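Structure data (compact mmCIF, C-alpha atoms and all ligand atoms) from coords25.txt:
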```
# COMPACT_ATOMS: atom_id res chain seq x y z
CA MET A 267 96.08 152.81 99.81
CA GLY A 268 94.14 151.96 102.96
CA ILE A 269 93.97 148.46 104.34
CA ASP A 270 90.65 146.66 103.84
CA GLY A 271 89.93 145.53 107.41
CA ASP A 272 87.38 142.90 106.40
CA LEU A 273 89.77 141.34 103.94
CA LEU A 274 92.55 141.39 106.50
CA LYS A 275 90.23 139.62 108.94
CA ARG A 276 89.30 137.05 106.31
CA TYR A 277 92.93 136.18 105.57
CA THR A 278 93.72 136.10 109.27
CA MET A 279 90.86 133.72 110.01
CA ALA A 280 91.66 131.52 107.01
CA THR A 281 95.32 131.25 107.99
CA TRP A 282 94.65 130.54 111.67
CA GLY A 283 91.91 128.15 110.61
CA TYR A 284 94.61 125.95 109.07
CA LYS A 285 96.62 126.11 112.30
CA GLN A 286 93.47 125.15 114.17
CA GLY A 287 93.16 122.20 111.77
CA GLU A 288 96.70 121.11 112.62
CA MET A 289 96.03 121.24 116.37
CA VAL A 290 92.65 119.51 116.11
CA SER A 291 94.35 116.84 113.95
CA LEU A 292 96.73 116.18 116.83
CA MET A 293 93.74 115.82 119.18
CA ILE A 294 92.05 113.35 116.80
CA HIS A 295 95.34 111.46 116.67
CA LEU A 296 95.31 111.18 120.47
CA GLY A 297 91.66 110.14 120.44
CA VAL A 298 92.43 107.34 117.99
CA ARG A 299 95.60 106.30 119.74
CA LEU A 300 93.96 106.15 123.17
CA GLY A 301 90.83 104.43 121.85
CA LEU A 302 88.62 107.26 123.14
CA TYR A 303 86.21 107.41 120.21
CA GLN A 304 85.47 103.73 120.56
CA VAL A 305 84.76 104.14 124.26
CA LEU A 306 82.49 107.10 123.53
CA ASP A 307 80.64 105.25 120.75
CA GLY A 308 77.21 104.34 122.14
CA ALA A 309 78.04 105.59 125.63
CA GLY A 310 75.56 108.49 125.52
CA PRO A 311 76.40 111.71 127.37
CA VAL A 312 79.55 111.33 129.49
CA THR A 313 81.65 113.54 131.74
CA SER A 314 85.42 113.48 131.98
CA GLY A 315 84.98 111.64 135.27
CA ASP A 316 82.93 108.92 133.56
CA LEU A 317 85.53 108.63 130.81
CA ALA A 318 88.37 108.47 133.34
CA ALA A 319 86.58 105.70 135.20
CA THR A 320 86.07 103.64 132.03
CA THR A 321 89.52 104.15 130.55
CA GLY A 322 91.77 104.54 133.60
CA LEU A 323 93.16 107.72 132.01
CA HIS A 324 93.77 110.98 133.90
CA GLU A 325 90.58 113.02 134.41
CA ARG A 326 92.12 116.48 133.99
CA TRP A 327 93.65 115.55 130.63
CA LEU A 328 90.43 114.01 129.44
CA ARG A 329 88.44 117.09 130.45
CA GLU A 330 90.63 119.37 128.34
CA TRP A 331 90.61 116.90 125.42
CA LEU A 332 86.81 116.63 125.59
CA ARG A 333 86.51 120.42 125.55
CA ALA A 334 88.81 120.59 122.54
CA GLN A 335 86.59 118.02 120.79
CA GLY A 336 83.45 119.94 121.76
CA ALA A 337 84.96 123.18 120.46
CA ALA A 338 85.87 121.39 117.23
CA GLU A 339 82.23 120.25 116.96
CA LEU A 340 83.19 116.60 116.89
CA LEU A 341 81.47 115.95 120.19
CA VAL A 342 78.17 117.51 121.21
CA THR A 343 78.13 119.50 124.44
CA GLU A 344 75.98 122.25 125.85
CA ASP A 345 77.84 123.02 129.04
CA GLY A 346 81.44 121.89 128.46
CA GLU A 347 80.96 119.24 131.17
CA THR A 348 78.96 116.49 129.48
CA PHE A 349 79.88 115.31 125.99
CA GLU A 350 78.32 112.95 123.49
CA LEU A 351 79.63 111.26 120.37
CA GLU A 352 76.63 111.13 118.06
CA ARG A 353 76.05 108.02 115.96
CA GLU A 354 76.94 109.83 112.75
CA ALA A 355 80.14 111.15 114.32
CA ALA A 356 80.97 107.60 115.40
CA MET A 357 80.69 106.51 111.74
CA VAL A 358 83.52 108.91 110.94
CA LEU A 359 85.60 108.71 114.11
CA ALA A 360 85.03 105.34 115.79
CA ARG A 361 83.73 102.61 113.49
CA GLU A 362 86.56 101.23 111.40
CA ASP A 363 84.22 99.05 109.36
CA THR A 364 82.19 101.92 107.86
CA PRO A 365 83.14 103.44 104.48
CA THR A 366 82.96 106.90 106.06
CA TYR A 367 85.58 106.05 108.72
CA ALA A 368 88.22 108.78 108.53
CA ALA A 369 89.97 108.82 111.89
CA GLY A 370 92.50 106.15 110.83
CA VAL A 371 94.15 108.78 108.64
CA PHE A 372 95.12 110.62 111.81
CA SER A 373 97.04 107.69 113.31
CA HIS A 374 100.06 108.66 111.22
CA LEU A 375 101.80 111.91 112.11
CA ARG A 376 103.99 113.19 109.29
CA ASP A 377 107.67 113.30 110.24
CA PRO A 378 108.52 117.03 110.31
CA ARG A 379 111.85 116.22 108.60
CA VAL A 380 109.89 115.41 105.40
CA ALA A 381 109.42 119.18 105.03
CA ASP A 382 113.22 119.48 104.59
CA GLY A 383 113.04 117.16 101.58
CA LEU A 384 110.08 119.04 100.15
CA ALA A 385 111.79 122.42 100.54
CA GLU A 386 114.80 120.98 98.73
CA ALA A 387 112.53 119.64 95.97
CA PHE A 388 111.44 123.19 95.24
CA GLN A 389 115.10 123.93 94.43
CA THR A 390 116.02 120.78 92.53
CA GLY A 391 112.68 119.87 90.98
CA LEU A 392 113.16 116.27 92.17
CA GLY A 393 110.40 115.01 94.48
CA LEU A 394 110.26 112.38 97.22
CA THR A 395 109.13 108.84 96.49
CA TYR A 396 106.57 107.33 98.85
CA ASP A 397 109.44 105.76 100.80
CA GLY A 398 110.99 109.22 101.16
CA GLN A 399 107.80 110.61 102.67
CA GLY A 400 108.52 109.39 106.20
CA GLU A 401 108.18 106.14 108.13
CA GLY A 402 104.65 104.78 108.06
CA SER A 403 103.56 106.63 104.90
CA GLU A 404 102.41 103.28 103.48
CA GLN A 405 100.19 102.69 106.55
CA HIS A 406 98.82 106.20 106.17
CA VAL A 407 97.87 105.49 102.53
CA GLU A 408 96.10 102.30 103.55
CA ALA A 409 94.26 104.05 106.39
CA MET A 410 93.08 106.68 103.93
CA LEU A 411 91.96 104.35 101.15
CA ALA A 412 90.86 101.17 102.94
CA PRO A 413 87.35 102.11 104.16
CA MET A 414 86.13 102.91 100.63
CA ALA A 415 88.04 99.99 99.06
CA ARG A 416 86.45 97.55 101.51
CA ALA A 417 82.99 99.00 100.88
CA LEU A 418 83.12 99.18 97.09
CA LEU A 419 85.75 97.09 95.36
CA VAL A 420 84.34 93.57 95.64
CA PRO A 421 80.63 94.40 96.20
CA SER A 422 80.23 97.08 93.50
CA VAL A 423 83.22 97.92 91.32
CA ILE A 424 84.30 94.48 90.08
CA PRO A 425 80.68 93.36 89.37
CA ALA A 426 80.22 96.46 87.17
CA LEU A 427 83.03 95.35 84.83
CA ASP A 428 81.73 93.44 81.85
CA GLY A 429 82.15 89.68 82.33
CA VAL A 430 84.85 90.00 84.97
CA VAL A 431 83.10 88.23 87.86
CA ASP A 432 82.60 85.08 85.72
CA ARG A 433 86.26 85.06 84.80
CA LEU A 434 87.42 85.61 88.36
CA SER A 435 85.16 82.81 89.52
CA ALA A 436 86.76 80.51 86.95
CA GLY A 437 90.24 81.44 88.25
CA VAL A 438 92.43 83.80 86.22
CA LYS A 439 95.56 85.91 86.51
CA VAL A 440 95.14 89.27 88.25
CA VAL A 441 97.88 91.91 88.45
CA ASP A 442 97.69 94.96 90.73
CA VAL A 443 100.18 97.63 89.66
CA GLY A 444 101.00 100.17 92.39
CA CYS A 445 99.54 97.68 94.87
CA GLY A 446 100.90 99.47 97.97
CA THR A 447 100.41 97.31 101.05
CA GLY A 448 98.28 94.80 99.13
CA LEU A 449 94.81 95.53 100.47
CA ALA A 450 93.05 95.22 97.08
CA ILE A 451 94.72 91.88 96.42
CA GLU A 452 93.65 90.68 99.86
CA LEU A 453 90.03 91.67 99.20
CA LEU A 454 89.94 90.03 95.76
CA ALA A 455 91.79 86.91 96.92
CA ALA A 456 89.24 86.40 99.68
CA ALA A 457 86.38 86.66 97.17
CA TRP A 458 88.00 84.69 94.32
CA PRO A 459 90.54 82.30 95.82
CA ASN A 460 90.97 80.37 92.52
CA CYS A 461 92.81 83.29 90.92
CA THR A 462 96.52 84.00 91.01
CA PHE A 463 97.57 87.49 92.04
CA GLU A 464 100.68 89.54 91.45
CA GLY A 465 101.41 92.95 92.90
CA TYR A 466 103.95 95.52 91.73
CA ASP A 467 105.11 98.55 93.67
CA VAL A 468 108.29 100.62 93.91
CA SER A 469 107.92 101.29 97.65
CA GLU A 470 110.15 98.94 99.64
CA ARG A 471 108.17 99.53 102.81
CA ALA A 472 104.80 98.92 101.14
CA VAL A 473 106.12 95.74 99.49
CA LEU A 474 107.45 94.49 102.85
CA VAL A 475 104.03 95.00 104.44
CA ALA A 476 102.33 93.29 101.48
CA ARG A 477 104.74 90.32 101.54
CA ASP A 478 104.13 89.96 105.25
CA ARG A 479 100.40 90.06 104.63
CA PHE A 480 100.63 87.17 102.14
CA ASP A 481 103.24 85.15 103.98
CA GLY A 482 102.55 81.48 103.26
CA VAL A 483 99.85 82.27 100.68
CA ASP A 484 100.62 80.34 97.46
CA ASN A 485 98.56 82.29 94.94
CA VAL A 486 99.96 85.77 95.67
CA ALA A 487 103.38 87.21 94.71
CA VAL A 488 104.47 90.80 95.30
CA HIS A 489 107.29 92.30 93.23
CA LEU A 490 109.41 95.29 94.15
CA ALA A 491 109.21 96.82 90.68
CA GLY A 492 107.44 99.63 88.88
CA GLY A 493 104.49 99.52 86.53
CA GLU A 494 106.90 100.21 83.69
CA ASP A 495 108.66 96.88 84.49
CA VAL A 496 105.63 94.60 84.27
CA PRO A 497 106.71 91.84 81.85
CA PRO A 498 105.05 91.59 78.39
CA THR A 499 103.25 88.28 79.01
CA ALA A 500 99.96 89.10 77.23
CA ASP A 501 98.11 86.88 79.71
CA VAL A 502 96.75 89.12 82.47
CA ASP A 503 92.96 88.80 82.61
CA LEU A 504 92.37 91.54 85.15
CA MET A 505 94.85 94.38 85.50
CA MET A 506 94.35 97.01 88.19
CA THR A 507 95.91 100.40 88.84
CA LEU A 508 94.17 101.84 91.88
CA ASP A 509 94.88 105.42 92.81
CA CYS A 510 98.44 105.29 91.57
CA LEU A 511 98.90 106.34 87.91
CA HIS A 512 98.99 110.01 88.91
CA ASP A 513 101.73 109.15 91.47
CA MET A 514 103.99 107.53 88.88
CA PRO A 515 106.75 109.59 87.30
CA ARG A 516 106.11 107.88 83.96
CA PRO A 517 102.52 106.61 83.80
CA ASP A 518 102.90 106.57 80.03
CA LEU A 519 105.61 103.89 80.28
CA ALA A 520 103.55 101.92 82.80
CA MET A 521 100.57 102.03 80.43
CA GLY A 522 102.77 100.76 77.58
CA ALA A 523 103.93 97.85 79.75
CA ILE A 524 100.36 97.14 80.86
CA ARG A 525 99.30 97.01 77.21
CA GLN A 526 101.93 94.33 76.56
CA ALA A 527 101.02 92.37 79.70
CA ILE A 528 97.24 92.29 79.37
CA ALA A 529 95.51 89.39 77.60
CA PRO A 530 93.83 90.31 74.27
CA ASP A 531 90.41 89.96 75.97
CA GLY A 532 91.57 91.22 79.36
CA THR A 533 90.19 94.12 81.43
CA TRP A 534 92.11 96.95 83.02
CA LEU A 535 90.45 98.59 86.03
CA VAL A 536 91.70 102.09 86.71
CA LYS A 537 90.75 104.04 89.83
CA GLU A 538 91.71 107.70 89.73
CA ILE A 539 90.91 110.85 91.66
CA LYS A 540 87.83 112.74 90.43
CA SER A 541 89.17 115.92 88.90
CA SER A 542 88.61 118.36 86.08
CA PRO A 543 91.03 119.96 83.63
CA ASP A 544 89.56 123.34 84.65
CA TRP A 545 90.20 125.14 87.89
CA SER A 546 86.52 126.09 88.05
CA GLY A 547 85.48 122.44 87.70
CA ASN A 548 87.71 121.50 90.63
CA LEU A 549 86.25 124.22 92.84
CA LYS A 550 83.25 121.94 93.39
CA ASN A 551 85.54 119.84 95.56
CA PRO A 552 85.15 121.03 99.17
CA MET A 553 88.52 119.47 100.01
CA LEU A 554 90.41 121.07 97.13
CA ALA A 555 93.00 122.73 99.36
CA MET A 556 93.72 119.40 101.02
CA MET A 557 93.98 117.71 97.62
CA TYR A 558 96.47 120.20 96.20
CA SER A 559 98.45 120.19 99.44
CA THR A 560 98.53 116.38 99.34
CA SER A 561 99.75 116.65 95.79
CA VAL A 562 102.73 118.78 96.77
CA ALA A 563 103.49 116.65 99.82
CA SER A 564 102.85 113.25 98.31
CA CYS A 565 101.40 112.55 94.83
CA MET A 566 103.13 115.15 92.68
CA SER A 567 106.21 114.70 94.80
CA SER A 568 106.28 111.01 93.85
CA ALA A 569 105.41 111.81 90.23
CA MET A 570 108.40 114.18 90.12
CA SER A 571 110.79 111.76 91.83
CA SER A 572 112.74 111.05 88.66
CA ALA A 573 114.30 113.65 86.37
CA ASP A 574 112.00 112.69 83.49
CA GLY A 575 108.85 112.64 85.69
CA LEU A 576 105.65 113.93 84.09
CA GLY A 577 104.50 115.15 87.51
CA LEU A 578 100.75 114.67 87.08
CA GLY A 579 99.92 114.82 90.80
CA THR A 580 96.69 114.30 92.74
CA LEU A 581 94.37 116.17 90.36
CA GLY A 582 96.30 115.57 87.16
CA MET A 583 94.69 112.39 85.84
CA ASN A 584 91.26 113.65 84.82
CA PRO A 585 89.07 111.58 82.47
CA ALA A 586 90.27 113.40 79.32
CA VAL A 587 93.96 112.98 80.16
CA LEU A 588 93.47 109.33 81.05
CA GLU A 589 91.51 108.54 77.90
CA SER A 590 94.08 110.18 75.69
CA MET A 591 96.99 108.45 77.45
CA VAL A 592 95.46 104.96 77.33
CA THR A 593 94.57 105.45 73.66
CA GLU A 594 98.16 106.47 72.99
CA ALA A 595 99.26 103.28 74.80
CA GLY A 596 97.22 101.17 72.37
CA PHE A 597 93.93 100.59 74.20
CA THR A 598 90.76 100.97 72.14
CA ARG A 599 87.89 100.69 74.62
CA PHE A 600 87.35 103.11 77.50
CA ALA A 601 84.34 103.41 79.82
CA MET A 602 83.90 105.45 82.97
CA HIS A 603 82.00 104.34 86.09
CA ASP A 604 80.91 106.66 88.87
CA PHE A 605 80.12 104.78 92.09
CA ASP A 606 79.13 106.14 95.45
CA ASP A 607 82.68 107.32 96.07
CA PRO A 608 83.08 111.07 96.59
CA THR A 609 86.76 111.08 95.69
CA ASN A 610 87.30 108.66 92.82
CA LEU A 611 86.18 107.65 89.36
CA TYR A 612 86.62 104.11 88.04
CA TYR A 613 87.40 103.21 84.45
CA GLU A 614 87.14 100.01 82.45
CA VAL A 615 89.82 99.92 79.78
CA ARG A 616 90.34 97.17 77.20
CA PRO A 617 92.78 96.45 74.37
C1 LIG B 1 98.23 106.29 96.77
S1 LIG B 1 99.16 104.82 96.75
C2 LIG B 1 97.93 103.61 96.29
C3 LIG B 1 98.26 102.22 96.74
C4 LIG B 1 97.20 101.16 96.44
N1 LIG B 1 96.97 100.97 95.04
C5 LIG B 1 95.90 101.44 97.14
O1 LIG B 1 94.90 101.69 96.50
O2 LIG B 1 95.90 101.39 98.38
C6 LIG B 1 100.18 104.97 95.32
C7 LIG B 1 101.20 103.86 95.17
O3 LIG B 1 101.82 103.99 93.88
C8 LIG B 1 103.15 103.53 94.04
N2 LIG B 1 103.97 103.93 92.88
C9 LIG B 1 104.55 105.11 92.62
N3 LIG B 1 105.25 105.05 91.48
C10 LIG B 1 105.10 103.78 90.99
C11 LIG B 1 105.56 103.08 89.83
N4 LIG B 1 106.34 103.66 88.94
N5 LIG B 1 105.17 101.80 89.68
C12 LIG B 1 104.38 101.18 90.59
N6 LIG B 1 103.93 101.78 91.70
C13 LIG B 1 104.27 103.06 91.90
C14 LIG B 1 103.57 104.12 95.36
O4 LIG B 1 104.73 103.52 95.89
C15 LIG B 1 102.32 103.90 96.20
O5 LIG B 1 102.37 102.67 96.87
```

For this file, produce the structure as structure tokens.
Amino acid sequence: MGIDGDLLKRYTMATWGYKQGEMVSLMIHLGVRLGLYQVLDGAGPVTSGDLAATTGLHERWLREWLRAQGAAELLVTEDGETFELEREAAMVLAREDTPTYAAGVFSHLRDPRVADGLAEAFQTGLGLTYDGQGEGSEQHVEAMLAPMARALLVPSVIPALDGVVDRLSAGVKVVDVGCGTGLAIELLAAAWPNCTFEGYDVSERAVLVARDRFDGVDNVAVHLAGGEDVPPTADVDLMMTLDCLHDMPRPDLAMGAIRQAIAPDGTWLVKEIKSSPDWSGNLKNPMLAMMYSTSVASCMSSAMSSADGLGLGTLGMNPAVLESMVTEAGFTRFAMHDFDDPTNLYYEVRP
């Protein structure tokens, strides 16, 4: 059988394309770390000499970095000498306060030793918890999720939940399960300071960051405990699980505990990755390869970190799975909300 040259070329380009992505990622990391995108934002066309003069960095290094950015089509250049960061590029690479800001994700470089743990997981079946995924993984999660959370959670998502703003304004109990570093609690606490907030997470590092964040704040407590350990108080007015059920080894147990903790007229806000039970449905996602790779490296890994883990993973909690699981856990009302968030769906679940 002869070799199909075109196909060979396609696989070659696809494979090296991923290597190119790795190297460009390192360049974006350096750009973030050295503050270069911020300097370029609004500066118009600049040369490496201009950039060296503004930053005090070495001209020859900047020239090569700028050319790498031009080649990656993140900066505009016609001659490889003068480069411009367009306004739209700045919204992705420089402006931390825009929902489209993505460069923060590149500040964290994955510890190469994490691959040892993942290779072992393929033998044992047991995945790595978030704490096992390398120093700074909790900061990486926040960098990835914060721009959209800041843009949507308080302005759009909470107001869409039936009657919840009135209750929060009156001052009620809010529990964030899988709270990570506590960003959602911080956003809600700023908007509704009369409420009391509790966070639960199994990541020691994330809980440390969250506790630091709320040091001296009376109405926030963060527990190092899983969703399955939330006590059966039947008094939580707003329960939240944001981007975390699919990471839990036993989301079914967490849902059971949440059912016992929520007030009879309480609301449970679930944020989960947009996904479909069918492969073909997921193909609409232009970042599907990144999503499945993130699942192996992070979400499914966490969801397989105990021997009885269900292992849902990044794309495993689609609307049908979620609805059936929450119904099984004893919830009777389920509504889906689709905001201007390309990655996530939001659900309003009630007893
Ligand atoms: C993708 S992060 C989301 C964090 C946060 N909710 C946010 O939106 O930024 C998933 C979190 O789920 C946590 N997690 C995993 N298993 C858990 C469990 N059984 N109970 C509570 N949290 C868990 C992880 O430690 C991690 O902090």

Contacts of stretch 353-363 of chain A within 7 Å, all atoms listed in the file, excl. fewer than 3 positions in-chain, as a CSV table (one decimal) with C-alpha atoms, in the frame of the given file:
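The resulting file, part-v8.csv, is reproduced below:
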```csv
chain,number,residue,atom,x,y,z
A,303,TYR,CA,86.2,107.4,120.2
A,304,GLN,CA,85.5,103.7,120.6
A,307,ASP,CA,80.6,105.2,120.8
A,340,LEU,CA,83.2,116.6,116.9
A,366,THR,CA,83.0,106.9,106.1
A,367,TYR,CA,85.6,106.0,108.7
A,368,ALA,CA,88.2,108.8,108.5
A,369,ALA,CA,90.0,108.8,111.9
A,413,PRO,CA,87.4,102.1,104.2
```

Q) When you draw a straight line from atom CA of A:Phe372 to atom CA of A:Gln335, how long is it in Å? A)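 Interatomic distance here is 14.4 Å.
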
Q) Which is closer to ligand LIG 1 (chain B) than all the others in A:Asp467, A:Asp501, A:Asp606, A:Asp270, using all atoms listed in the file? A)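 The shortest atom-to-atom distance to ligand LIG 1 (chain B) comes from A:Asp467.
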
Contacts of A:Pro459 at 10 Å or less, counting only C-alpha atoms, minus same-chain residues fewer than 6 places along, as a PDB file with C-alpha atoms, in the coordinates of the input?
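So part37.pdb came out as:
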```
ATOM      1  CA  LEU A 434      87.420  85.610  88.360  1.00  0.00           C
ATOM      2  CA  SER A 435      85.160  82.810  89.520  1.00  0.00           C
ATOM      3  CA  ALA A 436      86.760  80.510  86.950  1.00  0.00           C
ATOM      4  CA  GLY A 437      90.240  81.440  88.250  1.00  0.00           C
ATOM      5  CA  VAL A 438      92.430  83.800  86.220  1.00  0.00           C
ATOM      6  CA  GLU A 452      93.650  90.680  99.860  1.00  0.00           C
ATOM      7  CA  LEU A 453      90.030  91.670  99.200  1.00  0.00           C
ATOM      8  CA  ASN A 485      98.560  82.290  94.940  1.00  0.00           C
TER       9      ASN A 485
END
```

Q) Nearest to ligand LIG 1 (chain B) among A:Leu508, A:Val430, A:Met289, A:Leu611, with distances taken over all atoms listed in the file: which residue is it? A)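 Using all atoms listed in the file, the shortest distance to ligand LIG 1 (chain B) belongs to A:Leu508.
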
Q: Identify, on the basis of all atoms listed in the file, every residue whose closest approach to A:Val475 does not exceed 10 Å; exclude the query and any residue fewer than 3 positions from it along the same chain; express the result as a VMD selection string.
A: chain A and resid 404 to 405 446 to 448 470 to 472 478 to 481

Q. Which chains and residue numbers are within 6 Å of ligand LIG 1 (chain B), counting all atoms listed in the file, if I want them as a list in words?
A.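 Result of the 6 Å neighbour search around ligand LIG 1 (chain B): Tyr396, Val407, Glu408, Leu411, Val443, Gly444, Cys445, Gly446, Tyr466, Asp467, Val468, Ser469, Gly492, Gly493, Leu508, Asp509, Cys510, Asp513 and Met514 of chain A.
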
Okay, now the selection with C-alpha atoms, as a PDB file, in the frame of the given file?
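Below is the file part_12.pdb, written as the result:
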```
ATOM      1  CA  TYR A 396     106.570 107.330  98.850  1.00  0.00           C
ATOM      2  CA  VAL A 407      97.870 105.490 102.530  1.00  0.00           C
ATOM      3  CA  GLU A 408      96.100 102.300 103.550  1.00  0.00           C
ATOM      4  CA  LEU A 411      91.960 104.350 101.150  1.00  0.00           C
ATOM      5  CA  VAL A 443     100.180  97.630  89.660  1.00  0.00           C
ATOM      6  CA  GLY A 444     101.000 100.170  92.390  1.00  0.00           C
ATOM      7  CA  CYS A 445      99.540  97.680  94.870  1.00  0.00           C
ATOM      8  CA  GLY A 446     100.900  99.470  97.970  1.00  0.00           C
ATOM      9  CA  TYR A 466     103.950  95.520  91.730  1.00  0.00           C
ATOM     10  CA  ASP A 467     105.110  98.550  93.670  1.00  0.00           C
ATOM     11  CA  VAL A 468     108.290 100.620  93.910  1.00  0.00           C
ATOM     12  CA  SER A 469     107.920 101.290  97.650  1.00  0.00           C
ATOM     13  CA  GLY A 492     107.440  99.630  88.880  1.00  0.00           C
ATOM     14  CA  GLY A 493     104.490  99.520  86.530  1.00  0.00           C
ATOM     15  CA  LEU A 508      94.170 101.840  91.880  1.00  0.00           C
ATOM     16  CA  ASP A 509      94.880 105.420  92.810  1.00  0.00           C
ATOM     17  CA  CYS A 510      98.440 105.290  91.570  1.00  0.00           C
ATOM     18  CA  ASP A 513     101.730 109.150  91.470  1.00  0.00           C
ATOM     19  CA  MET A 514     103.990 107.530  88.880  1.00  0.00           C
TER      20      MET A 514
END
```

Q. If we count all atoms listed in the file, what is near A:Asp432 at a cut-off of 12 Å, once residues fewer than 3 positions away on the same chain are taken out, given as a VMD selection string?
A. chain A and resid 424 to 429 435 to 438 458 460 to 461 503 to 504

Include C-alpha atoms and write out the residues we just selected as a PDB file, keeping the file's coordinate frame.
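Wrote it out as result_38.pdb, contents follow:
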```
ATOM      1  CA  ILE A 424      84.300  94.480  90.080  1.00  0.00           C
ATOM      2  CA  PRO A 425      80.680  93.360  89.370  1.00  0.00           C
ATOM      3  CA  ALA A 426      80.220  96.460  87.170  1.00  0.00           C
ATOM      4  CA  LEU A 427      83.030  95.350  84.830  1.00  0.00           C
ATOM      5  CA  ASP A 428      81.730  93.440  81.850  1.00  0.00           C
ATOM      6  CA  GLY A 429      82.150  89.680  82.330  1.00  0.00           C
ATOM      7  CA  SER A 435      85.160  82.810  89.520  1.00  0.00           C
ATOM      8  CA  ALA A 436      86.760  80.510  86.950  1.00  0.00           C
ATOM      9  CA  GLY A 437      90.240  81.440  88.250  1.00  0.00           C
ATOM     10  CA  VAL A 438      92.430  83.800  86.220  1.00  0.00           C
ATOM     11  CA  TRP A 458      88.000  84.690  94.320  1.00  0.00           C
ATOM     12  CA  ASN A 460      90.970  80.370  92.520  1.00  0.00           C
ATOM     13  CA  CYS A 461      92.810  83.290  90.920  1.00  0.00           C
ATOM     14  CA  ASP A 503      92.960  88.800  82.610  1.00  0.00           C
ATOM     15  CA  LEU A 504      92.370  91.540  85.150  1.00  0.00           C
TER      16      LEU A 504
END
```

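The spacing separating atom CA of A:Leu519 from atom CA of A:Gly582 amounts to 16.4 Å.
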
Q) In Å, with one decimal, what is the gap from atom CA of A:Leu317 to atom CA of A:Val305? A)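 Between atom CA of A:Leu317 and atom CA of A:Val305 the gap is 8.0 Å.
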
Q: Can you pull out every residue within 12 Å of A:Glu330, counting all atoms listed in the file, but drop anything in the same chain fewer than 6 positions away, and send it as number ranges by chain?
A: A: 293, 313-315, 324, 336-337, 346-347, 349

Those residues you just picked out, can you put them in a file as a PDB file, keeping the file's coordinate frame with C-alpha atoms?
```pdb
ATOM      1  CA  MET A 293      93.740 115.820 119.180  1.00  0.00           C
ATOM      2  CA  THR A 313      81.650 113.540 131.740  1.00  0.00           C
ATOM      3  CA  SER A 314      85.420 113.480 131.980  1.00  0.00           C
ATOM      4  CA  GLY A 315      84.980 111.640 135.270  1.00  0.00           C
ATOM      5  CA  HIS A 324      93.770 110.980 133.900  1.00  0.00           C
ATOM      6  CA  GLY A 336      83.450 119.940 121.760  1.00  0.00           C
ATOM      7  CA  ALA A 337      84.960 123.180 120.460  1.00  0.00           C
ATOM      8  CA  GLY A 346      81.440 121.890 128.460  1.00  0.00           C
ATOM      9  CA  GLU A 347      80.960 119.240 131.170  1.00  0.00           C
ATOM     10  CA  PHE A 349      79.880 115.310 125.990  1.00  0.00           C
TER      11      PHE A 349
END
```

Pull the closest atom pair for each residue of stretch 320-381 of chain A that gets at most 12 Å from stretch 553-566 of chain A, along with the distance in Å to one decimal, counting only C-alpha atoms, ordering rows by chain and then ascending residue number, as a Markdown table.
```
| residue | atom | partner | partner_atom | distance |
| --- | --- | --- | --- | --- |
| A:Arg376 | CA | A:Ala563 | CA | 10.1 |
| A:Asp377 | CA | A:Ala563 | CA | 11.7 |
| A:Pro378 | CA | A:Ala563 | CA | 11.6 |
| A:Val380 | CA | A:Ala563 | CA | 8.6 |
| A:Ala381 | CA | A:Ala563 | CA | 8.3 |
```

Output, as lines of an AutoDock Vina configuration file, the centre and edge lengths in Å (one decimal) of the axis-aligned box that contains all listed atoms of stretch 437-456 of chain A with 3 Å of margin on each side.
```
center_x = 95.1
center_y = 90.8
center_z = 93.6
size_x = 17.8
size_y = 24.7
size_z = 20.8
```

Which residues of stretch 374-485 of chain A come within 7 Å of stretch 568-571 of chain A, and what is each one's closest atom pair and distance in Å (one decimal), counting all atoms listed in the file, sorted by chain and residue number, as a Markdown table?
```
| residue | atom | partner | partner_atom | distance |
| --- | --- | --- | --- | --- |
| A:Leu392 | CA | A:Ser571 | CA | 5.1 |
| A:Gly393 | CA | A:Ser571 | CA | 4.2 |
| A:Leu394 | CA | A:Ser568 | CA | 5.4 |
| A:Thr395 | CA | A:Ser568 | CA | 4.4 |
| A:Tyr396 | CA | A:Ser568 | CA | 6.2 |
```
